[in-house]
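J.: I'd like to ask you about the structure that follows.
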Amino acid sequence: MQSIELRGHHLFCLLGYRGKGYSEDFCTNMTAVYETLRQNPQTVIDIIEGPDGICAAFPPDQPNHCQNPSVYRKDKELLGELGLAAGNRLSWEELIGRIAAAIQPDDIHRLCHDCPWEPYGLCQEGVAHIRQAKALRSLP
Ligand code: SF4
């Protein structure tokens, strides 16, 4: 089974991803990851500490934040909300289930208050979407 390495906060960024990002190359790369996970939810995610394959496509001509301590802290905090940490390995499907069970859309404002993408509300919508899908699946 294919596996993808992701740092903690990117699990959440992918839920809100709607084709917008830091550059065309960045979006091409992120869309490829997004589509792989959408089409193959059994894909195994290796949760890692620090920069991952999404960070690797960050435009070299823009100020990079991938190594900032605040970003490492966010990775750890978001993973902590799911009872996870770097080194864990589980399918994208399982991760979605954990996020839907543990995170409310409004939590994104608290957890990602320093992110420039947070005010657009796309990540809140992403969390709302997976929670709604989970609720529909549990209907009799
Ligand atoms: S608000 Fe920013 S850091 Fe948080 S999930 Fe969205 S894009 Fe990622």
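Chains: A, B, ... in order of the structure tokens. Residues: from 1 per chain. Ligands: from 1, in order shown.
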With a distance cut-off of 12 Å and only C-alpha atoms, select the neighbouring residues of A:Tyr34, excluding the residue or stretch itself and same-chain residues fewer than 6 positions from it, and output the selection as a list of chain:residue names.

T.: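 Counting only C-alpha atoms, the residues come to A:Ile4, A:Leu6, A:His10, A:Leu11, A:Phe12, A:Cys13, A:Leu14, A:Leu15, A:Gly16, A:Tyr17, A:Arg18, A:Gly19, A:Cys27, A:Thr28, A:Asn40, A:Pro41, A:Thr43, A:Ile54, A:Trp92.
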
J.: Within 10 Å of ligand 1, counting only C-alpha atoms and all ligand atoms: which residues, as an MDAnalysis selection string?

T.: chainID A and resid 8:17 20:21 71 74:75 78 107:127

J.: Closest to A:Asp46 among A:Ala32, A:Ala86, A:Cys66, A:Met1, using only C-alpha atoms?

T.: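 For A:Asp46, the nearest of the candidates is A:Ala86.
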
J.: Among chain A, which residues does DSSP mark as strand (DSSP E or B) when it is run on the backbone? Keep the chain and numbering as in the structure and answer as a ChimeraX atom specification.

T.: /A:3-7,44-48,89-91

J.: Residues of the last selection are to be written out with C-alpha atoms, as a PDB file, in the first residue's frame.

T.:
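result_20.pdb was written with the following content:
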ATOM      1  CA  SER A   3       2.250   5.716   1.908  1.00  0.00           C
ATOM      2  CA  ILE A   4       2.706   9.464   2.206  1.00  0.00           C
ATOM      3  CA  GLU A   5       4.694  11.372   4.826  1.00  0.00           C
ATOM      4  CA  LEU A   6       2.837  14.322   6.338  1.00  0.00           C
ATOM      5  CA  ARG A   7       3.558  16.662   9.237  1.00  0.00           C
ATOM      6  CA  VAL A  44      -1.121   5.060   4.757  1.00  0.00           C
ATOM      7  CA  ILE A  45       0.057   8.317   6.317  1.00  0.00           C
ATOM      8  CA  ASP A  46       3.415   8.353   8.049  1.00  0.00           C
ATOM      9  CA  ILE A  47       3.227  11.237  10.487  1.00  0.00           C
ATOM     10  CA  ILE A  48       6.589  12.912  10.650  1.00  0.00           C
ATOM     11  CA  ARG A  89       1.238   5.471  11.010  1.00  0.00           C
ATOM     12  CA  LEU A  90      -2.415   5.095  10.006  1.00  0.00           C
ATOM     13  CA  SER A  91      -4.626   5.322   6.939  1.00  0.00           C
TER      14      SER A  91
END

J.: For A:Tyr22, please output as a list in words all residues within 12 Å (counting only C-alpha atoms; exclusion window: fewer than 6 positions along the same chain).

T.: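 Using only C-alpha atoms, the neighbours found are Thr28, Asn29, Met30, Ile54, Cys55, Ala57, Phe58, Pro59, Pro60, Asp61, Gln62, Pro63, Asn64, His65, Pro116 and Trp117 of chain A.
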
J.: With N, CA and C atoms kept, could you save the residues just selected as an mmCIF file, in the first residue's frame?

T.:
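The resulting file, out.cif, is shown below:
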data_model
loop_
_atom_site.group_PDB
_atom_site.id
_atom_site.type_symbol
_atom_site.label_atom_id
_atom_site.label_comp_id
_atom_site.auth_asym_id
_atom_site.auth_seq_id
_atom_site.Cartn_x
_atom_site.Cartn_y
_atom_site.Cartn_z
ATOM 1 N N THR A 28 0.236 22.485 -7.680
ATOM 2 C CA THR A 28 0.295 21.249 -8.485
ATOM 3 C C THR A 28 0.659 20.084 -7.570
ATOM 4 N N ASN A 29 1.645 20.306 -6.718
ATOM 5 C CA ASN A 29 2.090 19.255 -5.798
ATOM 6 C C ASN A 29 1.011 18.922 -4.767
ATOM 7 N N MET A 30 0.397 19.965 -4.209
ATOM 8 C CA MET A 30 -0.605 19.713 -3.156
ATOM 9 C C MET A 30 -1.845 19.056 -3.757
ATOM 10 N N ILE A 54 4.910 18.297 1.151
ATOM 11 C CA ILE A 54 4.159 19.529 0.821
ATOM 12 C C ILE A 54 5.077 20.730 1.029
ATOM 13 N N CYS A 55 5.815 20.729 2.126
ATOM 14 C CA CYS A 55 6.792 21.805 2.376
ATOM 15 C C CYS A 55 7.828 21.863 1.239
ATOM 16 N N ALA A 57 7.621 21.706 -1.789
ATOM 17 C CA ALA A 57 7.224 22.490 -2.970
ATOM 18 C C ALA A 57 6.969 23.957 -2.627
ATOM 19 N N PHE A 58 7.316 24.364 -1.404
ATOM 20 C CA PHE A 58 7.130 25.773 -1.033
ATOM 21 C C PHE A 58 8.038 26.638 -1.921
ATOM 22 N N PRO A 59 7.508 27.721 -2.496
ATOM 23 C CA PRO A 59 8.318 28.514 -3.436
ATOM 24 C C PRO A 59 9.597 29.058 -2.799
ATOM 25 N N PRO A 60 10.733 28.815 -3.443
ATOM 26 C CA PRO A 60 12.021 29.224 -2.863
ATOM 27 C C PRO A 60 12.204 30.743 -2.803
ATOM 28 N N ASP A 61 11.393 31.492 -3.560
ATOM 29 C CA ASP A 61 11.536 32.954 -3.570
ATOM 30 C C ASP A 61 10.607 33.636 -2.564
ATOM 31 N N GLN A 62 9.958 32.864 -1.698
ATOM 32 C CA GLN A 62 9.091 33.465 -0.670
ATOM 33 C C GLN A 62 9.626 33.105 0.711
ATOM 34 N N PRO A 63 9.358 33.988 1.710
ATOM 35 C CA PRO A 63 9.837 33.681 3.071
ATOM 36 C C PRO A 63 9.252 32.353 3.556
ATOM 37 N N ASN A 64 10.140 31.472 3.959
ATOM 38 C CA ASN A 64 9.760 30.113 4.315
ATOM 39 C C ASN A 64 9.432 30.033 5.813
ATOM 40 N N HIS A 65 8.345 29.358 6.145
ATOM 41 C CA HIS A 65 8.001 29.217 7.576
ATOM 42 C C HIS A 65 8.056 27.759 8.036
ATOM 43 N N PRO A 116 -2.306 32.528 7.917
ATOM 44 C CA PRO A 116 -2.935 33.505 7.018
ATOM 45 C C PRO A 116 -4.131 32.952 6.246
ATOM 46 N N TRP A 117 -4.252 31.633 6.189
ATOM 47 C CA TRP A 117 -5.380 31.035 5.454
ATOM 48 C C TRP A 117 -6.620 30.874 6.342
#

J.: Could you check how far atom CA of A:Arg137 sits from atom CA of A:Leu84, in Å to one decimal?

T.: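 Atom-to-atom, atom CA of A:Arg137 to atom CA of A:Leu84, that is 24.1 Å.
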
J.: Could you state the separation of atom CA of A:Gln2 and atom CA of A:Ala101 in Å, given to one decimal place?

T.: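 About the pair atom CA of A:Gln2 and atom CA of A:Ala101: they are 25.1 Å apart.
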
J.: Between A:Pro105, A:Gly87, A:Gly50, A:Gly97, which residue has the minimum interatomic distance to A:Ser70, considering only C-alpha atoms?

T.: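 Result for the nearest residue to A:Ser70: A:Gly50.
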
J.: Considering only alpha helix (DSSP H) as DSSP defines it on the backbone, what residues of stretch 61-120 of chain A qualify? List them as a compact mmCIF listing (two decimals) with N, CA and C atoms, in the first residue's frame.

T.:
# COMPACT_ATOMS: atom_id res chain seq x y z
N PRO A 69 9.67 27.45 14.81
CA PRO A 69 9.24 26.73 16.01
C PRO A 69 7.72 26.77 16.20
N SER A 70 7.08 27.90 15.80
CA SER A 70 5.63 28.00 15.98
C SER A 70 4.90 26.97 15.11
N VAL A 71 5.49 26.62 13.97
CA VAL A 71 4.85 25.63 13.08
C VAL A 71 5.04 24.22 13.66
N TYR A 72 6.21 23.96 14.23
CA TYR A 72 6.43 22.67 14.92
C TYR A 72 5.44 22.55 16.09
N ARG A 73 5.25 23.68 16.79
CA ARG A 73 4.33 23.66 17.93
C ARG A 73 2.90 23.35 17.45
N LYS A 74 2.53 23.97 16.34
CA LYS A 74 1.18 23.72 15.80
C LYS A 74 1.02 22.26 15.40
N ASP A 75 2.04 21.68 14.76
CA ASP A 75 1.98 20.26 14.40
C ASP A 75 1.67 19.42 15.64
N LYS A 76 2.43 19.71 16.71
CA LYS A 76 2.30 18.91 17.94
C LYS A 76 0.92 19.10 18.58
N GLU A 77 0.47 20.36 18.61
CA GLU A 77 -0.83 20.64 19.24
C GLU A 77 -1.97 19.96 18.48
N LEU A 78 -1.95 20.09 17.16
CA LEU A 78 -3.03 19.51 16.36
C LEU A 78 -3.03 17.98 16.48
N LEU A 79 -1.84 17.39 16.45
CA LEU A 79 -1.76 15.94 16.61
C LEU A 79 -2.23 15.53 18.00
N GLY A 80 -1.88 16.33 19.00
CA GLY A 80 -2.30 16.04 20.37
C GLY A 80 -3.81 16.00 20.50
N GLU A 81 -4.49 16.86 19.75
CA GLU A 81 -5.97 16.86 19.78
C GLU A 81 -6.53 15.53 19.29
N TRP A 92 -5.37 7.29 5.80
CA TRP A 92 -6.03 8.60 5.67
C TRP A 92 -7.48 8.49 6.17
N GLU A 93 -8.12 7.38 5.85
CA GLU A 93 -9.49 7.16 6.27
C GLU A 93 -9.61 7.18 7.79
N GLU A 94 -8.68 6.51 8.46
CA GLU A 94 -8.70 6.50 9.93
C GLU A 94 -8.45 7.91 10.48
N LEU A 95 -7.55 8.62 9.84
CA LEU A 95 -7.25 9.98 10.29
C LEU A 95 -8.48 10.88 10.17
N ILE A 96 -9.17 10.76 9.05
CA ILE A 96 -10.39 11.55 8.85
C ILE A 96 -11.40 11.25 9.96
N GLY A 97 -11.52 9.96 10.29
CA GLY A 97 -12.45 9.56 11.35
C GLY A 97 -12.06 10.18 12.69
N ARG A 98 -10.75 10.20 12.97
CA ARG A 98 -10.30 10.79 14.24
C ARG A 98 -10.56 12.29 14.26
N ILE A 99 -10.29 12.95 13.16
CA ILE A 99 -10.51 14.40 13.12
C ILE A 99 -12.00 14.70 13.27
N ALA A 100 -12.84 13.95 12.55
CA ALA A 100 -14.29 14.19 12.61
C ALA A 100 -14.81 13.98 14.04
N ALA A 101 -14.22 13.04 14.77
CA ALA A 101 -14.69 12.75 16.13
C ALA A 101 -14.18 13.76 17.15
N ALA A 102 -12.98 14.32 16.90
CA ALA A 102 -12.33 15.11 17.95
C ALA A 102 -12.37 16.62 17.73
N ASP A 107 -12.96 24.94 16.25
CA ASP A 107 -11.65 24.69 16.85
C ASP A 107 -10.52 25.21 15.97
N ILE A 108 -10.75 25.26 14.67
CA ILE A 108 -9.69 25.70 13.75
C ILE A 108 -9.26 27.13 14.08
N HIS A 109 -10.20 27.97 14.44
CA HIS A 109 -9.87 29.36 14.78
C HIS A 109 -8.89 29.39 15.96
N ARG A 110 -9.14 28.57 16.95
CA ARG A 110 -8.28 28.50 18.15
C ARG A 110 -6.93 27.87 17.82
N LEU A 111 -6.96 26.77 17.08
CA LEU A 111 -5.73 26.00 16.84
C LEU A 111 -4.83 26.64 15.79

J.: So, counting only C-alpha atoms, which residue among A:Ile103, A:Leu82, A:Ala56, A:Leu37 is closest to A:Arg131?

T.: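 Comparing A:Ile103, A:Leu82, A:Ala56, A:Leu37 against A:Arg131, the winner is A:Ile103.
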
J.: Between atom CA of A:Ala135 and atom CA of A:Gln104, what is the distance, to one decimal in Å?

T.: 13.0 Å
